[in-house]
Structures are given as C-alpha cells and as structure tokens.
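final20.txt follows; it contains compact mmCIF, C-alpha atoms.
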# COMPACT_ATOMS: atom_id res chain seq x y z
CA MET Z 996 17.74 -19.97 26.65
CA GLU Z 997 20.06 -17.29 27.86
CA VAL Z 998 19.78 -16.52 31.57
CA THR Z 999 21.18 -13.32 33.01
CA VAL Z 1000 21.20 -12.67 36.72
CA VAL Z 1001 19.77 -9.20 37.19
CA LYS Z 1002 19.83 -9.24 40.97
CA GLU Z 1003 21.45 -11.83 43.20
CA GLY Z 1004 19.18 -13.41 45.79
CA LYS Z 1005 19.87 -13.25 49.54
CA HIS Z 1006 19.48 -16.09 51.96
CA GLY Z 1007 18.93 -13.82 54.95
CA ILE Z 1008 19.09 -15.08 58.49
CA LEU Z 1009 16.70 -17.96 59.17
CA GLY Z 1010 14.87 -16.84 56.07
CA LEU Z 1011 14.48 -13.30 57.41
CA GLY Z 1012 15.43 -10.66 54.91
CA ALA Z 1013 15.62 -13.23 52.18
CA GLU Z 1014 15.20 -11.93 48.69
CA GLU Z 1015 14.49 -13.84 45.56
CA ALA Z 1016 17.02 -13.50 42.83
CA LYS Z 1017 15.86 -11.72 39.73
CA VAL Z 1018 16.91 -13.26 36.47
CA ARG Z 1019 16.20 -12.28 32.92
CA VAL Z 1020 15.54 -15.16 30.60
CA ARG Z 1021 15.57 -14.56 26.91
CA PRO Z 1022 15.31 -17.05 24.10
CA LEU Z 1023 18.52 -17.54 22.19
CA ALA Z 1024 18.48 -16.50 18.59
CA LYS Z 1025 18.75 -20.10 17.44
CA VAL Z 1026 15.42 -21.84 17.35
CA PRO Z 1027 15.28 -25.30 18.84
CA GLU Z 1028 14.14 -28.33 16.86
CA LYS Z 1029 10.43 -29.15 16.50
CA VAL Z 1030 9.89 -26.37 14.02
CA ASP Z 1031 8.68 -27.76 10.72
CA GLU Z 1032 8.81 -26.14 7.30
CA THR Z 1033 8.59 -22.70 8.86
CA VAL Z 1034 12.04 -23.11 10.40
CA GLY Z 1035 14.23 -20.02 10.36
CA GLU Z 1036 17.65 -18.97 11.57
CA THR Z 1037 16.40 -16.54 14.17
CA VAL Z 1038 13.24 -16.14 16.20
CA GLY Z 1039 12.34 -13.19 13.97
CA GLU Z 1040 12.55 -15.34 10.87
CA THR Z 1041 10.59 -18.16 12.49
CA VAL Z 1042 7.83 -15.74 13.43
CA LYS Z 1043 7.83 -14.28 9.93
CA GLY Z 1044 7.61 -17.77 8.45
CA VAL Z 1045 4.64 -18.68 10.64
CA LEU Z 1046 2.75 -15.56 9.60
CA GLU Z 1047 3.59 -16.09 5.93
CA THR Z 1048 2.34 -19.67 6.06
CA LEU Z 1049 -0.87 -18.57 7.78
CA LEU Z 1050 -1.55 -15.81 5.26
CA GLU Z 1051 -0.88 -18.15 2.35
CA ARG Z 1052 -3.36 -20.67 3.74
CA MET Z 1053 -5.87 -17.90 4.36
CA GLY Z 1054 -5.70 -17.08 0.66
CA VAL Z 1055 -4.22 -13.65 1.35
CA GLU Z 1056 -1.49 -12.36 -0.94
CA ALA Z 1057 0.72 -10.06 1.05
CA ALA Z 1058 4.31 -9.29 1.94
CA VAL Z 1059 5.62 -9.59 5.48
CA ALA Z 1060 8.43 -7.42 6.81
CA SER Z 1061 9.98 -8.39 10.12
CA GLN Z 1062 11.87 -6.15 12.49
CA THR Z 1063 13.33 -6.79 15.92
CA LYS Z 1064 12.94 -3.95 18.39
CA PRO Z 1065 14.19 -3.53 21.94
CA PRO Z 1066 11.39 -3.94 24.53
CA LEU Z 1067 9.25 -0.88 25.22
CA GLU Z 1068 10.01 1.13 28.36
CA GLY Z 1069 7.71 -0.10 31.09
CA GLY Z 1070 6.21 -2.64 28.75
CA GLY Z 1071 7.06 -5.41 31.17
CA GLU Z 1072 8.78 -7.50 28.50
CA ALA Z 1073 12.28 -8.83 28.92
CA SER Z 1074 13.16 -9.92 25.42
CA ASP Z 1075 13.21 -8.09 22.12
CA VAL Z 1076 9.91 -7.52 20.40
CA VAL Z 1077 9.42 -9.05 16.98
CA ALA Z 1078 7.36 -6.56 14.98
CA LEU Z 1079 5.79 -7.80 11.76
CA ASP Z 1080 4.11 -5.55 9.24
CA VAL Z 1081 1.93 -6.99 6.52
CA THR Z 1082 1.58 -5.01 3.31
CA GLY Z 1083 -0.39 -5.64 0.16
CA ASP Z 1084 -3.54 -4.73 -1.71
CA ASP Z 1085 -6.97 -4.69 -0.16
CA LEU Z 1086 -5.98 -5.86 3.29
CA GLY Z 1087 -8.99 -4.40 5.13
CA ILE Z 1088 -10.24 -7.98 5.39
CA LEU Z 1089 -7.19 -8.79 7.56
CA ILE Z 1090 -7.93 -5.97 9.97
CA GLY Z 1091 -11.63 -6.57 10.44
CA ARG Z 1092 -14.14 -4.58 12.43
CA ARG Z 1093 -12.30 -2.59 15.08
CA GLY Z 1094 -9.20 -4.67 14.41
CA GLN Z 1095 -10.76 -7.95 15.57
CA THR Z 1096 -9.33 -10.03 12.73
CA LEU Z 1097 -5.89 -8.55 13.19
CA ALA Z 1098 -6.11 -9.35 16.91
CA SER Z 1099 -6.99 -12.99 16.13
CA LEU Z 1100 -4.15 -13.22 13.62
CA GLN Z 1101 -1.65 -11.91 16.16
CA TYR Z 1102 -3.02 -14.24 18.83
CA ILE Z 1103 -2.65 -17.34 16.64
CA VAL Z 1104 0.86 -16.33 15.54
CA ARG Z 1105 1.91 -15.89 19.19
CA LEU Z 1106 0.36 -19.21 20.11
CA ILE Z 1107 2.12 -21.13 17.34
CA VAL Z 1108 5.49 -19.50 18.02
CA ALA Z 1109 5.15 -20.10 21.78
CA HIS Z 1110 4.37 -23.76 21.16
CA GLN Z 1111 7.18 -24.26 18.68
CA THR Z 1112 9.97 -22.38 20.42
CA LYS Z 1113 8.84 -23.09 24.00
CA ALA Z 1114 9.66 -19.47 24.75
CA ARG Z 1115 7.56 -16.38 25.31
CA VAL Z 1116 8.41 -14.15 22.39
CA PRO Z 1117 6.70 -10.76 22.38
CA ILE Z 1118 5.21 -10.40 18.91
CA VAL Z 1119 3.32 -7.50 17.40
CA VAL Z 1120 1.56 -7.97 14.08
CA ASP Z 1121 0.40 -4.93 12.16
CA VAL Z 1122 -1.32 -4.54 8.81
CA GLU Z 1123 -0.54 -1.50 6.67
CA GLY Z 1124 0.39 0.53 9.75
CA TYR Z 1125 -3.16 0.14 11.15
CA LYS Z 1126 -2.03 0.01 14.77
CA GLN Z 1127 0.11 3.11 14.43
CA ARG Z 1128 -2.82 5.04 12.93
CA ARG Z 1129 -5.17 3.66 15.56
CA TYR Z 1130 -2.68 4.64 18.26
CA GLU Z 1131 -2.65 8.23 17.06
CA ALA Z 1132 -6.43 8.32 16.64
CA LEU Z 1133 -6.98 6.95 20.16
CA GLN Z 1134 -4.58 9.46 21.69
CA ALA Z 1135 -6.40 12.30 19.94
CA LEU Z 1136 -9.76 10.89 21.06
CA ALA Z 1137 -8.54 10.62 24.64
CA HIS Z 1138 -7.48 14.27 24.75
CA ARG Z 1139 -10.65 15.47 23.02
CA MET Z 1140 -12.91 13.60 25.43
CA ALA Z 1141 -10.85 14.67 28.44
CA GLU Z 1142 -11.50 18.25 27.36
CA GLN Z 1143 -15.26 17.55 27.27
CA VAL Z 1144 -15.10 16.05 30.75
CA ARG Z 1145 -13.19 19.08 31.98
CA VAL Z 1146 -15.74 21.49 30.50
CA ARG Z 1147 -18.88 19.62 31.59
CA GLY Z 1148 -17.57 18.22 34.84
CA ARG Z 1149 -19.27 14.89 34.12
CA PRO Z 1150 -17.79 11.43 33.38
CA PHE Z 1151 -17.70 10.24 29.78
CA THR Z 1152 -17.71 6.57 28.76
CA LEU Z 1153 -15.89 5.52 25.59
CA GLU Z 1154 -16.82 2.67 23.22
CA PRO Z 1155 -15.76 -0.86 24.21
CA MET Z 1156 -12.12 -1.44 23.28
CA MET Z 1157 -9.52 -4.15 23.36
CA ALA Z 1158 -7.06 -4.24 26.25
CA TYR Z 1159 -4.13 -2.68 24.40
CA GLU Z 1160 -6.40 0.08 23.11
CA ARG Z 1161 -7.71 0.89 26.58
CA ARG Z 1162 -4.11 1.00 27.70
CA ILE Z 1163 -3.37 3.69 25.10
CA ILE Z 1164 -6.22 5.82 26.54
CA HIS Z 1165 -5.12 5.28 30.16
CA LEU Z 1166 -1.52 6.20 29.29
CA ALA Z 1167 -2.54 9.23 27.22
CA LEU Z 1168 -4.36 10.70 30.22
CA ALA Z 1169 -2.15 9.36 33.01
CA ASP Z 1170 -0.55 12.75 33.61
CA ASP Z 1171 -3.68 14.82 33.06
CA PRO Z 1172 -4.18 17.08 36.10
CA ASP Z 1173 -7.98 17.26 35.79
CA VAL Z 1174 -9.22 13.80 34.86
CA THR Z 1175 -8.70 10.16 35.81
CA THR Z 1176 -9.55 7.04 33.84
CA GLU Z 1177 -10.87 3.65 34.79
CA SER Z 1178 -11.95 0.53 32.88
CA VAL Z 1179 -15.42 -0.82 33.62
CA GLY Z 1180 -17.42 -3.79 32.35
CA GLU Z 1181 -16.38 -7.33 31.54
CA GLY Z 1182 -14.71 -9.02 28.58
CA GLU Z 1183 -15.68 -7.72 25.15
CA ALA Z 1184 -17.75 -4.93 26.67
CA ARG Z 1185 -14.95 -3.48 28.78
CA LYS Z 1186 -14.59 0.24 28.23
CA VAL Z 1187 -12.79 3.25 29.57
CA VAL Z 1188 -14.54 5.91 31.63
CA ILE Z 1189 -12.93 9.35 31.76
CA MET Z 1190 -13.89 11.16 34.96
CA PRO Z 1191 -13.21 14.51 36.59
CA LYS Z 1192 -10.58 13.96 39.28
CA GLY Z 1193 -12.09 12.89 42.58
CA SER Z 1194 -15.27 11.31 41.19
CA LYS Z 1195 -16.17 7.63 40.70
CA PRO Z 1196 -17.79 5.78 37.77
CA ASP Z 1197 -21.53 5.06 38.21
CA MET Q 231 -10.01 -24.53 4.00
CA LYS Q 232 -8.92 -27.74 5.59
CA ASP Q 233 -5.27 -26.76 5.12
CA LEU Q 234 -5.63 -23.66 7.27
CA VAL Q 235 -7.27 -25.47 10.19
CA GLU Q 236 -4.83 -28.34 9.90
CA TYR Q 237 -1.82 -26.04 9.92
CA ILE Q 238 -2.95 -24.11 12.99
CA ALA Q 239 -4.09 -27.18 14.92
CA LYS Q 240 -0.94 -29.20 14.23
CA ALA Q 241 1.21 -26.25 15.23
CA ILE Q 242 -0.36 -25.82 18.67
CA VAL Q 243 -1.01 -29.38 19.89
CA ASN Q 244 1.31 -31.91 21.48
CA ALA Q 245 0.13 -34.75 19.26
CA PRO Q 246 0.05 -33.34 15.71
CA ASP Q 247 -0.27 -36.81 14.22
CA ASP Q 248 -3.67 -37.15 15.88
CA VAL Q 249 -5.08 -34.05 14.21
CA VAL Q 250 -7.84 -34.91 11.75
CA VAL Q 251 -9.79 -32.29 9.84
CA THR Q 252 -12.75 -33.11 7.63
CA GLU Q 253 -14.50 -30.73 5.30
CA GLU Q 254 -18.12 -30.97 4.16
CA THR Q 255 -19.88 -28.59 1.84
CA GLY Q 256 -23.61 -28.09 2.25
CA ASP Q 257 -26.26 -25.42 1.65
CA GLU Q 258 -24.97 -23.38 4.56
CA GLY Q 259 -21.42 -23.33 3.23
CA THR Q 260 -18.52 -25.39 4.47
CA THR Q 261 -18.44 -27.25 7.75
CA LEU Q 262 -15.00 -28.03 9.11
CA LYS Q 263 -14.69 -30.68 11.78
CA LEU Q 264 -11.55 -30.74 13.85
CA GLN Q 265 -10.54 -33.75 15.85
CA VAL Q 266 -7.54 -33.83 18.18
CA ALA Q 267 -6.17 -36.06 20.95
CA ASP Q 268 -8.16 -35.74 24.18
CA ASP Q 269 -5.23 -34.08 25.94
CA ASP Q 270 -5.02 -31.46 23.22
CA LYS Q 271 -8.67 -30.45 23.27
CA GLY Q 272 -8.03 -27.60 25.67
CA ARG Q 273 -5.26 -26.31 23.41
CA VAL Q 274 -7.48 -25.92 20.36
CA ILE Q 275 -10.40 -24.52 22.36
CA GLY Q 276 -8.49 -22.29 24.76
CA LYS Q 277 -9.64 -20.43 27.85
CA GLN Q 278 -13.23 -19.33 27.30
CA GLY Q 279 -12.98 -20.67 23.76
CA ARG Q 280 -10.49 -18.00 22.79
CA VAL Q 281 -8.35 -20.16 20.50
CA ALA Q 282 -11.39 -21.64 18.73
CA GLN Q 283 -12.79 -18.13 18.31
CA ALA Q 284 -9.56 -16.83 16.79
CA MET Q 285 -9.41 -19.81 14.39
CA ARG Q 286 -13.00 -19.09 13.33
CA THR Q 287 -12.12 -15.47 12.64
CA LEU Q 288 -9.24 -16.49 10.36
CA ILE Q 289 -11.35 -19.13 8.61
CA ARG Q 290 -13.94 -16.42 7.94
CA VAL Q 291 -11.34 -14.44 6.00
CA LEU Q 292 -10.63 -17.38 3.71
CA ALA Q 293 -14.34 -18.18 3.34
CA ALA Q 294 -15.09 -14.56 2.44
CA LYS Q 295 -12.33 -14.67 -0.18
CA GLN Q 296 -13.97 -17.75 -1.67
CA GLY Q 297 -17.41 -16.17 -1.46
CA THR Q 298 -18.76 -18.74 0.95
CA ARG Q 299 -19.37 -19.29 4.65
CA ALA Q 300 -17.63 -21.69 6.97
CA THR Q 301 -18.24 -23.10 10.41
CA LEU Q 302 -15.72 -24.84 12.60
CA GLU Q 303 -16.73 -27.59 14.93
CA ILE Q 304 -14.38 -29.15 17.44
CA LEU Q 305 -15.27 -32.77 18.06
File written out as structure tokens:
Amino acid sequence: MEVTVVKEGKHGILGLGAEEAKVRVRPLAKVPEKVDETVGETVGETVKGVLETLLERMGVEAAVASQTKPPLEGGGEASDVVALDVTGDDLGILIGRRGQTLASLQYIVRLIVAHQTKARVPIVVDVEGYKQRRYEALQALAHRMAEQVRVRGRPFTLEPMMAYERRIIHLALADDPDVTTESVGEGEARKVVIMPKGSKPD
Amino acid sequence: MKDLVEYIAKAIVNAPDDVVVTEETGDEGTTLKLQVADDDKGRVIGKQGRVAQAMRTLIRVLAAKQGTRATLEIL
C-alpha cells in the first residue's frame, strides 16, 4: 500500500480543535501473494485475469480489454479505476434484463479482487459499451421526463433502477431550475421520482 | 458447472481447501451444492444473500448456454 498524507492532523489543546489527518491510501501496482493462476503484474492485469477466468468458466467466448482511468471527479474514489470492456459475439446473455447479469458479474469480480489483493480497487465492467449507451439513454430519459413534469406540474415516477442508474438521473437533473429528484422505495423496487420544485413525493 | 462455482467460492473464502462442490443432474436440471468452512458461510452468502444471488445469476448464464437449468444450494 502507498499512503499519502493529504492533510496533517492537529492535536489541538486538550483535544479542542483537534483534526483527524486525512490520508490517501492506494494499492501499489504490485499485487501481493495469495493470487493464484490469475496473477498479474499490475492490479489492472489481475482484474483482467479474474474476469477472463470467470468468463471462460461461464462458457462465454469473449475478449477483455483493460484500461486504467483516473478516478471520476466527485466519485469519492481515491485510487485509479480499472475499466474492463468485454467484446465478442452475442453477448446479450452477459448483460441480462436491465443489466442485472452484468451487475452480478461486476460484483463478483470486485469481490474476488478485493479478497485477493486485500485492497479496495474501483472496478467497472462493461459489455459492448452497454453502460455508455445506457448512460446516454438515461440522461435523455431524465430530460424528457423533466419536461413532462414541467408542463404538467405533477410528479413523475420512473421505473425501478439500480443505484448507479438512479445516480445518473439525479445528476442529470441536479442543476435543473424547475424540478427536483428523489429516490423512493426499498431495495430492488427503488425508483426515482421527478417532482416540480417545492413539492414532495406521495 | 462445478468449475465455475468452485472458482468463485475458493477465490472469496478464507479456507479455500474446505470448499467442496457437488453436482447432481436430475429432471429439473443440475443441482449444485456448495459446502464451505463455517466461518466462510457468510462470505459465500453475503449480506441479504447478495453474493449467493450473484453466483446464481452467473450460473444461469452457463446453464442457458448448455440448454439446461441449474440451482445452487449452500449447505
């Protein structure tokens, strides 16, 4: 692990005015032991190896491209994001209904990498650019529905979505002067409500 | 199908040597039984069964490719 001190802590006087130090911890490129046949030189390669092994055992023939990107602004992540894109023929089966299979695949990859490297590596798995297309579609949907809400002056509730998808909607309308958004419901059924500013969801 | 479950389970538990997966084929397709050390049970099930659910989703892909159905039981 590489530890960088972002902000020195203060002891304060008798604990008054004390501040905790802020440090940034990022995994070093070298992967520690305890990684079996999927061992790679860098975290990116380890992650790629894990996904390739999974796909092979799932009977899916596909190519995996790995890319390391700096963390997204405001994404709350400290270390570089490992972005994997899976390409091949007939990969709809890997995406699943509303991206459920892709979400499970990403979850398992993250879990395995976290267990093997003992570090929290932000990983994004995409299949044939599905997430990018979905991102654009959700942004368009958000603006279209916000327009409806503006015209009718009544709240509109979207379909249930996964957390990162709801986030795309919230962010798309964050600066909208006329509407606000809120997530309602629990778990799988959680959905975004777009409301005229100043009103509340039912 | 066993290989997939075994790979995932061994990669997320603390005692990979204690991972045992059995596979039975019946009328309803394949039944996979996963056994792990007691301390690792939570790791293969996950909070609100999330890990088990994700494993089932991935197993379904393989089963669909083979034109069959599969269920995963955690013992």
Residue among Z:Pro1155, Z:Pro1117, Z:Gly1182, Z:Gly1039 lying closest to chain Q, counting all atoms listed in the file: Z:Gly1182
Taking into account only C-alpha atoms, which residue in the set Q:Asp247, Q:Ile304, Q:Gly297, Q:Leu292 is nearest to chain Z?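 Closest to chain Z, using only C-alpha atoms: Q:Leu292.
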What separation in Å, quoted to one decimal, exists between atom CA of Val243 of chain Q and atom CA of Tyr1102 of chain Z? 15.3 Å
Counting only C-alpha atoms, a student should be able to say which residues of chain Z come within 9 Å of chain Q; what is the right answer, written as a ChimeraX atom specification? /Z:1030-1031,1048-1049,1051-1055,1088-1089,1095-1096,1098-1100,1102-1103,1106-1111
I'd like the contact shell of Val250 of chain Q - 7 Å cut-off, all atoms listed in the file, skipping same-chain residues fewer than 3 positions apart - returned as a list in words.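 Near neighbours after the sequence-gap exclusion: Leu264, Gln265 and Val266 of chain Q.
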Around (-18.6, -24.5, 9.1) in the file's own coordinates, what residues are found within 9 Å if you use only C-alpha atoms, given back as number ranges by chain? Q: 253-255, 258-263, 286, 299-303
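Reported to one decimal place, the separation of atom CA of Leu1133 of chain Z from atom CA of Val1119 of chain Z is 18.0 Å.
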Might you pull out every residue within 9 Å of Leu1046 of chain Z, with all atoms listed in the file counted and same-chain residues fewer than 6 positions away left off, and present them as an MDAnalysis selection string? chainID Z and resid 1059 1079 1100:1101 1104 1120
For Met1157 of chain Z, which of Z:Arg1093, Z:Lys1192, Z:Arg1145, Z:Gly1180 is the closest residue, counting all atoms listed in the file?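 Of Z:Arg1093, Z:Lys1192, Z:Arg1145, Z:Gly1180, the one nearest Met1157 of chain Z, counting all atoms listed in the file, is Z:Arg1093.
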Restore all heavy atoms in segment 289-300 of chain Q and list the result as a PDB file, keeping the file's coordinate frame.
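Okay, this is what ended up in selection_6.pdb:
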ATOM      1  N   ILE Q 289     -10.651 -18.324   9.618  1.00  0.00           N
ATOM      2  CA  ILE Q 289     -11.350 -19.130   8.610  1.00  0.00           C
ATOM      3  C   ILE Q 289     -12.337 -18.261   7.839  1.00  0.00           C
ATOM      4  O   ILE Q 289     -12.513 -18.399   6.633  1.00  0.00           O
ATOM      5  CB  ILE Q 289     -12.088 -20.323   9.283  1.00  0.00           C
ATOM      6  CG1 ILE Q 289     -11.070 -21.303   9.868  1.00  0.00           C
ATOM      7  CG2 ILE Q 289     -13.009 -21.029   8.294  1.00  0.00           C
ATOM      8  CD1 ILE Q 289     -11.671 -22.259  10.873  1.00  0.00           C
ATOM      9  N   ARG Q 290     -12.969 -17.317   8.566  1.00  0.00           N
ATOM     10  CA  ARG Q 290     -13.940 -16.420   7.940  1.00  0.00           C
ATOM     11  C   ARG Q 290     -13.306 -15.587   6.820  1.00  0.00           C
ATOM     12  O   ARG Q 290     -13.942 -15.304   5.818  1.00  0.00           O
ATOM     13  CB  ARG Q 290     -14.568 -15.506   9.004  1.00  0.00           C
ATOM     14  CG  ARG Q 290     -15.993 -15.084   8.658  1.00  0.00           C
ATOM     15  CD  ARG Q 290     -16.619 -14.296   9.801  1.00  0.00           C
ATOM     16  NE  ARG Q 290     -16.687 -15.062  11.029  1.00  0.00           N
ATOM     17  CZ  ARG Q 290     -16.346 -14.606  12.233  1.00  0.00           C
ATOM     18  NH1 ARG Q 290     -15.917 -13.369  12.372  1.00  0.00           N
ATOM     19  NH2 ARG Q 290     -16.458 -15.374  13.306  1.00  0.00           N
ATOM     20  N   VAL Q 291     -12.035 -15.210   7.026  1.00  0.00           N
ATOM     21  CA  VAL Q 291     -11.340 -14.440   6.000  1.00  0.00           C
ATOM     22  C   VAL Q 291     -11.230 -15.258   4.715  1.00  0.00           C
ATOM     23  O   VAL Q 291     -11.565 -14.798   3.623  1.00  0.00           O
ATOM     24  CB  VAL Q 291      -9.919 -14.020   6.475  1.00  0.00           C
ATOM     25  CG1 VAL Q 291      -9.124 -13.395   5.332  1.00  0.00           C
ATOM     26  CG2 VAL Q 291     -10.017 -13.055   7.649  1.00  0.00           C
ATOM     27  N   LEU Q 292     -10.792 -16.495   4.864  1.00  0.00           N
ATOM     28  CA  LEU Q 292     -10.630 -17.380   3.710  1.00  0.00           C
ATOM     29  C   LEU Q 292     -11.993 -17.651   3.050  1.00  0.00           C
ATOM     30  O   LEU Q 292     -12.113 -17.601   1.827  1.00  0.00           O
ATOM     31  CB  LEU Q 292      -9.973 -18.690   4.154  1.00  0.00           C
ATOM     32  CG  LEU Q 292      -9.785 -19.768   3.092  1.00  0.00           C
ATOM     33  CD1 LEU Q 292      -8.951 -19.266   1.934  1.00  0.00           C
ATOM     34  CD2 LEU Q 292      -9.131 -21.002   3.703  1.00  0.00           C
ATOM     35  N   ALA Q 293     -13.004 -17.909   3.868  1.00  0.00           N
ATOM     36  CA  ALA Q 293     -14.340 -18.180   3.340  1.00  0.00           C
ATOM     37  C   ALA Q 293     -14.851 -16.977   2.557  1.00  0.00           C
ATOM     38  O   ALA Q 293     -15.391 -17.116   1.456  1.00  0.00           O
ATOM     39  CB  ALA Q 293     -15.304 -18.529   4.475  1.00  0.00           C
ATOM     40  N   ALA Q 294     -14.644 -15.779   3.111  1.00  0.00           N
ATOM     41  CA  ALA Q 294     -15.090 -14.560   2.440  1.00  0.00           C
ATOM     42  C   ALA Q 294     -14.388 -14.411   1.092  1.00  0.00           C
ATOM     43  O   ALA Q 294     -14.991 -14.034   0.095  1.00  0.00           O
ATOM     44  CB  ALA Q 294     -14.830 -13.348   3.320  1.00  0.00           C
ATOM     45  N   LYS Q 295     -13.101 -14.746   1.072  1.00  0.00           N
ATOM     46  CA  LYS Q 295     -12.330 -14.670  -0.180  1.00  0.00           C
ATOM     47  C   LYS Q 295     -12.914 -15.616  -1.217  1.00  0.00           C
ATOM     48  O   LYS Q 295     -12.854 -15.357  -2.409  1.00  0.00           O
ATOM     49  CB  LYS Q 295     -10.864 -15.050   0.069  1.00  0.00           C
ATOM     50  CG  LYS Q 295     -10.129 -13.980   0.838  1.00  0.00           C
ATOM     51  CD  LYS Q 295      -8.859 -13.582   0.117  1.00  0.00           C
ATOM     52  CE  LYS Q 295      -8.379 -12.249   0.626  1.00  0.00           C
ATOM     53  NZ  LYS Q 295      -7.893 -11.393  -0.453  1.00  0.00           N
ATOM     54  N   GLN Q 296     -13.434 -16.751  -0.749  1.00  0.00           N
ATOM     55  CA  GLN Q 296     -13.970 -17.750  -1.670  1.00  0.00           C
ATOM     56  C   GLN Q 296     -15.472 -17.544  -1.888  1.00  0.00           C
ATOM     57  O   GLN Q 296     -16.127 -18.365  -2.515  1.00  0.00           O
ATOM     58  CB  GLN Q 296     -13.709 -19.158  -1.130  1.00  0.00           C
ATOM     59  CG  GLN Q 296     -12.219 -19.454  -1.012  1.00  0.00           C
ATOM     60  CD  GLN Q 296     -11.924 -20.838  -0.460  1.00  0.00           C
ATOM     61  OE1 GLN Q 296     -12.831 -21.521   0.029  1.00  0.00           O
ATOM     62  NE2 GLN Q 296     -10.679 -21.246  -0.517  1.00  0.00           N
ATOM     63  N   GLY Q 297     -16.005 -16.487  -1.294  1.00  0.00           N
ATOM     64  CA  GLY Q 297     -17.410 -16.170  -1.460  1.00  0.00           C
ATOM     65  C   GLY Q 297     -18.354 -17.165  -0.825  1.00  0.00           C
ATOM     66  O   GLY Q 297     -19.452 -17.414  -1.307  1.00  0.00           O
ATOM     67  N   THR Q 298     -17.909 -17.761   0.281  1.00  0.00           N
ATOM     68  CA  THR Q 298     -18.760 -18.740   0.950  1.00  0.00           C
ATOM     69  C   THR Q 298     -18.752 -18.507   2.459  1.00  0.00           C
ATOM     70  O   THR Q 298     -18.209 -17.511   2.933  1.00  0.00           O
ATOM     71  CB  THR Q 298     -18.306 -20.178   0.608  1.00  0.00           C
ATOM     72  OG1 THR Q 298     -19.058 -21.106   1.383  1.00  0.00           O
ATOM     73  CG2 THR Q 298     -16.831 -20.376   0.889  1.00  0.00           C
ATOM     74  N   ARG Q 299     -19.388 -19.386   3.189  1.00  0.00           N
ATOM     75  CA  ARG Q 299     -19.370 -19.290   4.650  1.00  0.00           C
ATOM     76  C   ARG Q 299     -18.781 -20.576   5.196  1.00  0.00           C
ATOM     77  O   ARG Q 299     -18.847 -21.614   4.557  1.00  0.00           O
ATOM     78  CB  ARG Q 299     -20.802 -19.146   5.181  1.00  0.00           C
ATOM     79  CG  ARG Q 299     -21.379 -17.780   4.905  1.00  0.00           C
ATOM     80  CD  ARG Q 299     -22.877 -17.826   5.014  1.00  0.00           C
ATOM     81  NE  ARG Q 299     -23.279 -18.440   6.266  1.00  0.00           N
ATOM     82  CZ  ARG Q 299     -24.251 -17.948   7.040  1.00  0.00           C
ATOM     83  NH1 ARG Q 299     -24.878 -16.852   6.687  1.00  0.00           N
ATOM     84  NH2 ARG Q 299     -24.588 -18.544   8.147  1.00  0.00           N
ATOM     85  N   ALA Q 300     -18.220 -20.486   6.398  1.00  0.00           N
ATOM     86  CA  ALA Q 300     -17.630 -21.690   6.970  1.00  0.00           C
ATOM     87  C   ALA Q 300     -17.895 -21.737   8.463  1.00  0.00           C
ATOM     88  O   ALA Q 300     -17.918 -20.708   9.128  1.00  0.00           O
ATOM     89  CB  ALA Q 300     -16.134 -21.716   6.703  1.00  0.00           C
TER      90      ALA Q 300
END
